[in-house]
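For reference, protein02.cif is printed below; it contains mmCIF, C-alpha atoms.
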```
data_start
#
loop_
_atom_site.label_atom_id
_atom_site.label_comp_id
_atom_site.auth_asym_id
_atom_site.auth_seq_id
_atom_site.Cartn_x
_atom_site.Cartn_y
_atom_site.Cartn_z
CA MET P 1 0.00 0.00 0.00
CA SER P 2 1.41 3.43 -0.90
CA LEU P 3 1.93 5.99 1.87
CA SER P 4 -0.90 8.24 0.71
CA PHE P 5 -3.37 5.36 0.51
CA ASP P 6 -2.05 4.10 3.83
CA ALA P 7 -2.82 7.45 5.48
CA VAL P 8 -6.28 7.66 3.90
CA ILE P 9 -7.22 4.15 5.00
CA ALA P 10 -5.87 4.81 8.50
CA ALA P 11 -7.88 8.02 8.80
CA LEU P 12 -11.10 6.21 7.88
CA THR P 13 -10.57 3.22 10.13
CA ARG P 14 -9.87 5.53 13.10
CA VAL P 15 -13.55 6.54 13.08
CA ALA P 16 -15.36 4.55 15.76
CA GLY P 17 -17.47 1.72 14.35
CA VAL P 18 -15.65 1.50 11.01
CA ARG P 19 -14.84 -2.16 10.35
CA GLY P 20 -12.75 -1.51 7.30
CA ALA P 21 -11.95 0.83 4.47
CA LEU P 22 -11.01 0.42 0.84
CA VAL P 23 -9.62 2.49 -1.99
CA VAL P 24 -11.19 1.06 -5.14
CA ASP P 25 -10.50 1.41 -8.86
CA ALA P 26 -13.83 3.00 -9.76
CA GLN P 27 -13.85 1.81 -13.38
CA GLU P 28 -12.82 -1.79 -12.85
CA GLY P 29 -14.12 -2.36 -9.32
CA LEU P 30 -10.80 -3.72 -8.13
CA VAL P 31 -9.25 -3.17 -4.70
CA VAL P 32 -6.38 -0.65 -4.80
CA ALA P 33 -5.77 -0.58 -1.04
CA GLU P 34 -7.70 -1.89 1.94
CA ALA P 35 -7.58 -2.38 5.67
CA SER P 36 -8.35 -5.97 6.59
CA MET P 37 -11.90 -6.66 7.65
CA GLU P 38 -13.01 -9.84 9.34
CA GLY P 39 -16.11 -11.33 7.80
CA VAL P 40 -16.11 -8.96 4.85
CA ASP P 41 -15.09 -9.93 1.31
CA PRO P 42 -13.11 -6.86 0.15
CA ALA P 43 -13.16 -7.91 -3.52
CA ALA P 44 -16.95 -8.21 -3.52
CA VAL P 45 -17.43 -4.95 -1.61
CA ALA P 46 -15.09 -3.16 -4.01
CA ALA P 47 -16.68 -4.56 -7.16
CA LEU P 48 -20.28 -4.02 -6.15
CA SER P 49 -19.70 -0.59 -4.57
CA ALA P 50 -17.94 0.61 -7.71
CA SER P 51 -20.73 -0.76 -9.89
CA LEU P 52 -23.37 0.94 -7.75
CA ALA P 53 -21.44 4.22 -7.59
CA GLY P 54 -21.08 4.20 -11.38
CA ARG P 55 -24.82 3.66 -11.88
CA LEU P 56 -25.74 6.32 -9.32
CA THR P 57 -23.33 8.77 -10.93
CA ARG P 58 -25.07 8.18 -14.27
CA ALA P 59 -28.47 8.63 -12.59
CA MET P 60 -27.33 11.92 -11.02
CA SER P 61 -26.00 13.05 -14.37
CA ALA P 62 -29.32 12.17 -16.05
CA ALA P 63 -31.07 14.26 -13.42
CA GLY P 64 -28.82 17.18 -14.27
CA PHE P 65 -26.62 17.00 -11.18
CA ALA P 66 -22.89 16.71 -10.76
CA GLN P 67 -21.06 13.63 -9.48
CA PRO P 68 -22.40 12.47 -6.09
CA GLN P 69 -20.12 13.38 -3.18
CA VAL P 70 -21.15 10.73 -0.69
CA LEU P 71 -23.21 7.55 -1.05
CA LEU P 72 -24.75 5.92 2.00
CA LEU P 73 -26.31 2.46 2.14
CA GLU P 74 -27.79 1.67 5.52
CA ALA P 75 -28.77 -1.83 6.56
CA GLU P 76 -30.04 -3.35 9.79
CA HIS P 77 -26.63 -4.22 11.19
CA GLY P 78 -24.37 -1.77 9.46
CA ALA P 79 -23.76 0.60 6.61
CA ILE P 80 -21.51 1.26 3.65
CA MET P 81 -20.48 4.83 2.94
CA ALA P 82 -18.62 5.66 -0.24
CA ALA P 83 -17.19 8.77 -1.83
CA PRO P 84 -15.83 9.10 -5.37
CA ALA P 85 -12.32 10.55 -4.95
CA SER P 86 -11.80 11.16 -8.66
CA ASP P 87 -12.92 9.61 -11.94
CA GLU P 88 -10.59 6.74 -11.14
CA LEU P 89 -10.93 6.14 -7.42
CA LEU P 90 -13.70 5.42 -4.97
CA LEU P 91 -13.33 5.46 -1.20
CA VAL P 92 -15.46 2.93 0.65
CA ALA P 93 -15.97 2.50 4.39
CA VAL P 94 -17.79 -0.48 5.91
CA CYS P 95 -19.14 0.24 9.36
CA ASP P 96 -21.38 -1.27 12.01
CA ALA P 97 -24.74 0.10 13.09
CA GLU P 98 -23.26 2.12 15.96
CA ALA P 99 -20.75 4.03 13.83
CA ASN P 100 -20.85 7.81 13.89
CA LEU P 101 -21.96 8.39 10.30
CA GLY P 102 -21.58 12.18 10.55
CA LEU P 103 -17.95 11.86 11.57
CA LEU P 104 -17.37 9.22 8.91
CA ARG P 105 -18.83 11.53 6.27
CA LEU P 106 -16.37 14.25 7.28
CA ALA P 107 -13.50 11.76 7.30
CA LEU P 108 -14.46 10.57 3.80
CA LYS P 109 -14.62 14.13 2.49
CA ASP P 110 -11.24 14.90 4.05
CA ALA P 111 -9.74 11.71 2.59
CA ARG P 112 -11.29 12.53 -0.77
CA GLY P 113 -9.54 15.93 -0.68
CA ARG P 114 -6.19 14.23 -0.09
CA LEU P 115 -6.57 12.02 -3.13
CA LEU P 116 -7.98 14.56 -5.57
CA MET E 1 -27.75 -20.11 -23.11
CA ARG E 2 -27.29 -23.82 -23.83
CA ALA E 3 -25.71 -26.41 -21.55
CA VAL E 4 -24.73 -30.03 -22.11
CA GLU E 5 -25.08 -30.71 -18.39
CA PRO E 6 -28.51 -29.59 -17.08
CA TRP E 7 -27.28 -28.82 -13.53
CA VAL E 8 -25.06 -26.12 -15.03
CA GLU E 9 -28.03 -24.05 -16.21
CA THR E 10 -29.17 -22.46 -12.93
CA PRO E 11 -25.73 -21.25 -11.74
CA LEU E 12 -24.88 -20.04 -15.24
CA THR E 13 -28.19 -18.17 -15.60
CA GLU E 14 -27.50 -16.45 -12.27
CA PHE E 15 -23.97 -15.54 -13.42
CA LEU E 16 -25.25 -14.08 -16.68
CA ARG E 17 -27.83 -11.95 -14.87
CA GLU E 18 -25.35 -10.58 -12.32
CA SER E 19 -22.22 -10.15 -14.41
CA SER E 20 -23.66 -8.69 -17.64
CA ALA E 21 -21.24 -10.89 -19.57
CA HIS E 22 -21.76 -10.91 -23.35
CA LEU E 23 -20.29 -14.32 -24.16
CA VAL E 24 -19.61 -17.27 -21.89
CA LEU E 25 -18.01 -20.60 -22.62
CA LEU E 26 -17.66 -23.29 -19.96
CA MET E 27 -15.42 -26.22 -20.79
CA THR E 28 -13.26 -28.88 -19.28
CA SER E 29 -9.52 -28.28 -19.12
CA SER E 30 -9.16 -30.45 -22.23
CA GLY E 31 -11.48 -28.19 -24.19
CA GLN E 32 -14.72 -30.23 -24.09
CA VAL E 33 -17.54 -27.68 -24.14
CA VAL E 34 -20.03 -27.88 -21.28
CA ALA E 35 -22.13 -24.75 -21.84
CA GLN E 36 -22.20 -21.62 -23.93
CA HIS E 37 -24.02 -18.32 -24.01
CA GLY E 38 -23.99 -15.74 -26.78
CA PHE E 39 -22.21 -17.70 -29.51
CA ALA E 40 -24.11 -17.87 -32.78
CA ARG E 41 -21.89 -20.28 -34.66
CA SER E 42 -20.54 -23.65 -33.58
CA VAL E 43 -17.27 -22.96 -35.35
CA ASP E 44 -16.64 -20.03 -32.96
CA VAL E 45 -17.32 -22.26 -29.98
CA MET E 46 -14.88 -24.86 -31.29
CA GLY E 47 -12.19 -22.25 -31.88
CA CYS E 48 -12.63 -20.52 -28.54
CA ALA E 49 -12.74 -23.80 -26.61
CA SER E 50 -9.53 -25.03 -28.21
CA LEU E 51 -7.74 -21.72 -27.78
CA GLY E 52 -9.02 -21.25 -24.22
CA ALA E 53 -7.79 -24.68 -23.19
CA ALA E 54 -4.44 -24.01 -24.88
CA ILE E 55 -4.03 -20.61 -23.17
CA SER E 56 -4.91 -22.14 -19.81
CA ALA E 57 -2.36 -24.92 -20.31
CA SER E 58 0.28 -22.38 -21.36
CA THR E 59 -0.31 -20.12 -18.36
CA ALA E 60 -0.19 -23.15 -16.04
CA GLU E 61 3.24 -23.98 -17.46
CA ILE E 62 4.38 -20.35 -17.10
CA ALA E 63 3.22 -20.42 -13.47
CA LYS E 64 5.18 -23.62 -12.93
CA ILE E 65 8.33 -22.11 -14.43
CA MET E 66 7.89 -18.96 -12.36
CA GLY E 67 7.29 -21.05 -9.25
CA VAL E 68 4.06 -19.24 -8.40
CA GLY E 69 1.81 -22.28 -8.06
CA SER E 70 -1.02 -21.49 -10.40
CA LEU E 71 -2.39 -18.55 -12.35
CA GLY E 72 -6.08 -18.96 -11.66
CA GLN E 73 -7.27 -16.25 -14.00
CA VAL E 74 -6.04 -14.38 -17.02
CA VAL E 75 -7.67 -11.08 -18.04
CA HIS E 76 -7.16 -9.54 -21.45
CA GLN E 77 -8.01 -5.86 -21.69
CA GLY E 78 -9.24 -5.12 -25.19
CA GLY E 79 -10.42 -1.84 -26.66
CA THR E 80 -14.13 -2.22 -26.04
CA ARG E 81 -14.34 -5.80 -24.86
CA ARG E 82 -12.40 -7.73 -22.28
CA VAL E 83 -11.82 -11.42 -21.78
CA LEU E 84 -11.44 -13.33 -18.55
CA LEU E 85 -10.21 -16.90 -18.69
CA GLY E 86 -10.39 -18.65 -15.35
CA SER E 87 -9.90 -22.17 -14.09
CA PHE E 88 -11.64 -23.78 -11.13
CA PRO E 89 -11.64 -27.24 -9.55
CA MET E 90 -14.65 -29.50 -9.86
CA ARG E 91 -15.96 -31.93 -7.27
CA HIS E 92 -15.56 -34.98 -9.48
CA GLY E 93 -11.92 -34.19 -10.17
CA GLY E 94 -10.15 -32.11 -12.75
CA ASN E 95 -10.63 -28.47 -13.55
CA TRP E 96 -13.16 -26.59 -15.62
CA LEU E 97 -12.46 -23.41 -17.50
CA GLY E 98 -14.63 -20.36 -17.99
CA LEU E 99 -14.06 -17.97 -20.87
CA ILE E 100 -16.00 -14.76 -20.29
CA VAL E 101 -16.26 -11.85 -22.73
CA PHE E 102 -17.61 -8.63 -21.29
CA GLY E 103 -17.82 -4.95 -22.15
CA ASP E 104 -17.89 -1.53 -20.55
CA ASP E 105 -21.34 -2.13 -19.07
CA THR E 106 -19.70 -4.14 -16.29
CA SER E 107 -16.26 -4.31 -14.67
CA ILE E 108 -13.46 -6.80 -14.11
CA GLY E 109 -14.21 -6.70 -10.38
CA VAL E 110 -17.88 -7.57 -10.84
CA VAL E 111 -17.12 -10.35 -13.33
CA GLN E 112 -14.44 -11.79 -11.01
CA VAL E 113 -16.76 -11.74 -8.00
CA PHE E 114 -19.60 -13.50 -9.81
CA PHE E 115 -17.26 -15.87 -11.62
CA ALA E 116 -15.98 -17.01 -8.20
CA ARG E 117 -19.60 -17.54 -7.13
CA LEU E 118 -20.33 -19.45 -10.34
CA ALA E 119 -17.32 -21.69 -9.70
CA ASN E 120 -18.51 -22.40 -6.14
CA ALA E 121 -22.07 -23.04 -7.28
CA LEU E 122 -20.94 -25.46 -10.00
CA HIS E 123 -18.67 -27.21 -7.54
CA ARG E 124 -21.62 -27.70 -5.19
CA ALA E 125 -24.09 -28.65 -7.92
CA ALA E 126 -21.87 -31.21 -9.64
CA PRO E 127 -22.93 -34.84 -9.15
CA VAL E 128 -20.66 -36.41 -6.53
CA ALA E 129 -20.16 -39.84 -8.03
CA ARG E 130 -19.59 -38.87 -11.60
CA GLU E 131 -17.72 -41.41 -13.62
CA SER E 132 -14.43 -39.96 -14.79
CA ARG E 133 -14.12 -40.81 -18.44
CA GLN E 134 -10.90 -40.53 -20.36
CA ILE E 135 -11.47 -39.06 -23.82
CA LEU E 136 -9.14 -40.62 -26.32
CA ALA E 137 -7.80 -38.63 -29.24
CA GLU E 138 -9.78 -40.67 -31.77
CA GLN E 139 -13.01 -40.05 -29.81
CA PHE E 140 -12.38 -36.35 -29.42
CA GLU E 141 -14.05 -35.24 -32.65
CA ASP E 142 -17.14 -37.35 -31.98
CA GLU E 143 -17.34 -35.97 -28.43
CA LEU E 144 -16.92 -32.45 -29.69
CA ASN E 145 -19.60 -32.88 -32.34
CA ALA E 146 -21.98 -34.37 -29.77
CA SER E 147 -21.40 -31.38 -27.48
CA LEU E 148 -21.96 -28.93 -30.31
CA ARG E 149 -25.20 -30.68 -31.31
CA SER E 150 -26.40 -30.29 -27.70
CA LEU E 151 -25.35 -26.65 -27.57
CA PHE E 152 -26.72 -25.56 -30.91
CA GLY E 153 -29.59 -28.01 -31.25
CA ARG E 154 -28.45 -29.42 -34.58
#
```
Output the file's structure in the form of structure tokens.
Amino acid sequence: MSLSFDAVIAALTRVAGVRGALVVDAQEGLVVAEASMEGVDPAAVAALSASLAGRLTRAMSAAGFAQPQVLLLEAEHGAIMAAPASDELLLVAVCDAEANLGLLRLALKDARGRLL
Amino acid sequence: MRAVEPWVETPLTEFLRESSAHLVLLMTSSGQVVAQHGFARSVDVMGCASLGAAISASTAEIAKIMGVGSLGQVVHQGGTRRVLLGSFPMRHGGNWLGLIVFGDDTSIGVVQVFFARLANALHRAAPVARESRQILAEQFEDELNASLRSLFGR
């Protein structure tokens, strides 16, 4: 993992409740960097998050809006928050239900700024 | 989609729906075709099966020479279409190969994820006590023609 990706991943996983973080190749849905997550398949999270982010970006564009800044998928026991960092990269955080989503959103935006 | 083995159909249908693959060819490591999707001509299936099996055998040898165990998948990045050739073990012994052609409407990551699920599903669905049959060189053409008749209905 490169130093910049290392720092970005570390900043995201420091947020309480975050079980793992990934930097993903947004076009190909491949893992660029990740912090290990027990019980989570990083390759599947990367591929499906990138696919979803791509579709949502096209939907936003069709609605006349710019690229989405943050995507949030909430489930019963946790959530996935993602932020496109550029045309090429997507930041993804996997967190449990008790995670501070507001703080995570700020951390994602800050991380996004470092990679842009 | 056409399959020689009926238990292949459900996992393959699921894979096609999830991966958005354009063309799929499932075959044994010796190039015997098990299922196909998207091919219009039997001659293309024959060519792709032979070449896929040959590429897989070549990459296995390269892996051996490099001392890296095995190269499970090979991805070729084309201009508008990409090809994934992957090998996976089957319950009744031996390996099967999947040759997947996909475009920009999906991604390598998505195809890899659902290809891994397809491999697991086929492994689980395969009959346990399947008789392992050695195909001799002189039988190969007959076997191939029988597979193609099943796949193309003629």
Please evaluate the PyMOL selection byres ((chain P) within 10 of (chain E)) against the structure above and give the resulting residues as a VMD selection string.
-> chain P and resid 24 to 31 41 43 to 51 54 to 55
Counting all atoms listed in the file, what is within 9 Å of range 55-69 of chain E, bar same-chain residues fewer than 5 positions away, as a ChimeraX atom specification?
-> /E:29-30,50,74,85-87,97
Please write as a PDB file with C-alpha atoms, in the coordinates of the input the full residue list that the PyMOL selection byres ((chain P and resi 69) around 6) yields on this file.
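Below is the file that was written, expr.pdb:
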```
ATOM      1  CA  PRO P  68     -22.400  12.470  -6.090  1.00  0.00           C
ATOM      2  CA  VAL P  70     -21.150  10.730  -0.690  1.00  0.00           C
ATOM      3  CA  ALA P  83     -17.190   8.770  -1.830  1.00  0.00           C
TER       4      ALA P  83
END
```
What do you get, as a list of chain:residue names, if you spell out every residue that the PyMOL selection byres ((chain E and resi 150) around 10) selects here?
-> E:Arg2, E:Ala3, E:Val4, E:Glu5, E:Val33, E:Val34, E:Ala35, E:Leu144, E:Asn145, E:Ala146, E:Ser147, E:Leu148, E:Arg149, E:Leu151, E:Phe152, E:Gly153, E:Arg154
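Going from CA of Gly39 in chain P to CA of Phe115 in chain E covers 20.0 Å.
Of note, CA of Phe88 in chain E and CA of Glu141 in chain E are spaced 24.5 Å apart.
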Who sits within 9 Å of Val101 in chain E, all atoms listed in the file, same chain under 4 positions skipped, as an MDAnalysis selection string | chainID E and resid 21:25 81:85
Show me as an MDAnalysis selection string the residues that reach within 7 Å of (-13.9, 1.7, -0.6), counting all atoms listed in the file and using the file's own coordinates.
-> chainID P and resid 21:24 46 82 90:93
Go ahead and write the selection's residues with C-alpha atoms as a short mmCIF file (atom, residue, chain, number, x, y, z; two decimals), in the coordinates of the input.
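Heads up, here's the output in result-v2.cif:
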```cif
data_model
loop_
_atom_site.label_atom_id
_atom_site.label_comp_id
_atom_site.auth_asym_id
_atom_site.auth_seq_id
_atom_site.Cartn_x
_atom_site.Cartn_y
_atom_site.Cartn_z
CA ALA P 21 -11.95 0.83 4.47
CA LEU P 22 -11.01 0.42 0.84
CA VAL P 23 -9.62 2.49 -1.99
CA VAL P 24 -11.19 1.06 -5.14
CA ALA P 46 -15.09 -3.16 -4.01
CA ALA P 82 -18.62 5.66 -0.24
CA LEU P 90 -13.70 5.42 -4.97
CA LEU P 91 -13.33 5.46 -1.20
CA VAL P 92 -15.46 2.93 0.65
CA ALA P 93 -15.97 2.50 4.39
#
```
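For the pair CA of Arg19 in chain P and CA of Ala97 in chain P, the separation is 10.5 Å.
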12 Å contact set for Ala16 in chain P, only C-alpha atoms, chain neighbours under 4 positions out, as number ranges by chain | P: 10-12, 20, 93-104, 107
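Nearest to Arg105 in chain P of all the residues P:Ser4, P:Ala66, P:Val40, P:Val15 is P:Val15, based on all atoms listed in the file.
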Of P:Met37, P:Val8, P:Arg58, P:Asp87, the one nearest to Gly113 in chain P when counting all atoms listed in the file is P:Val8
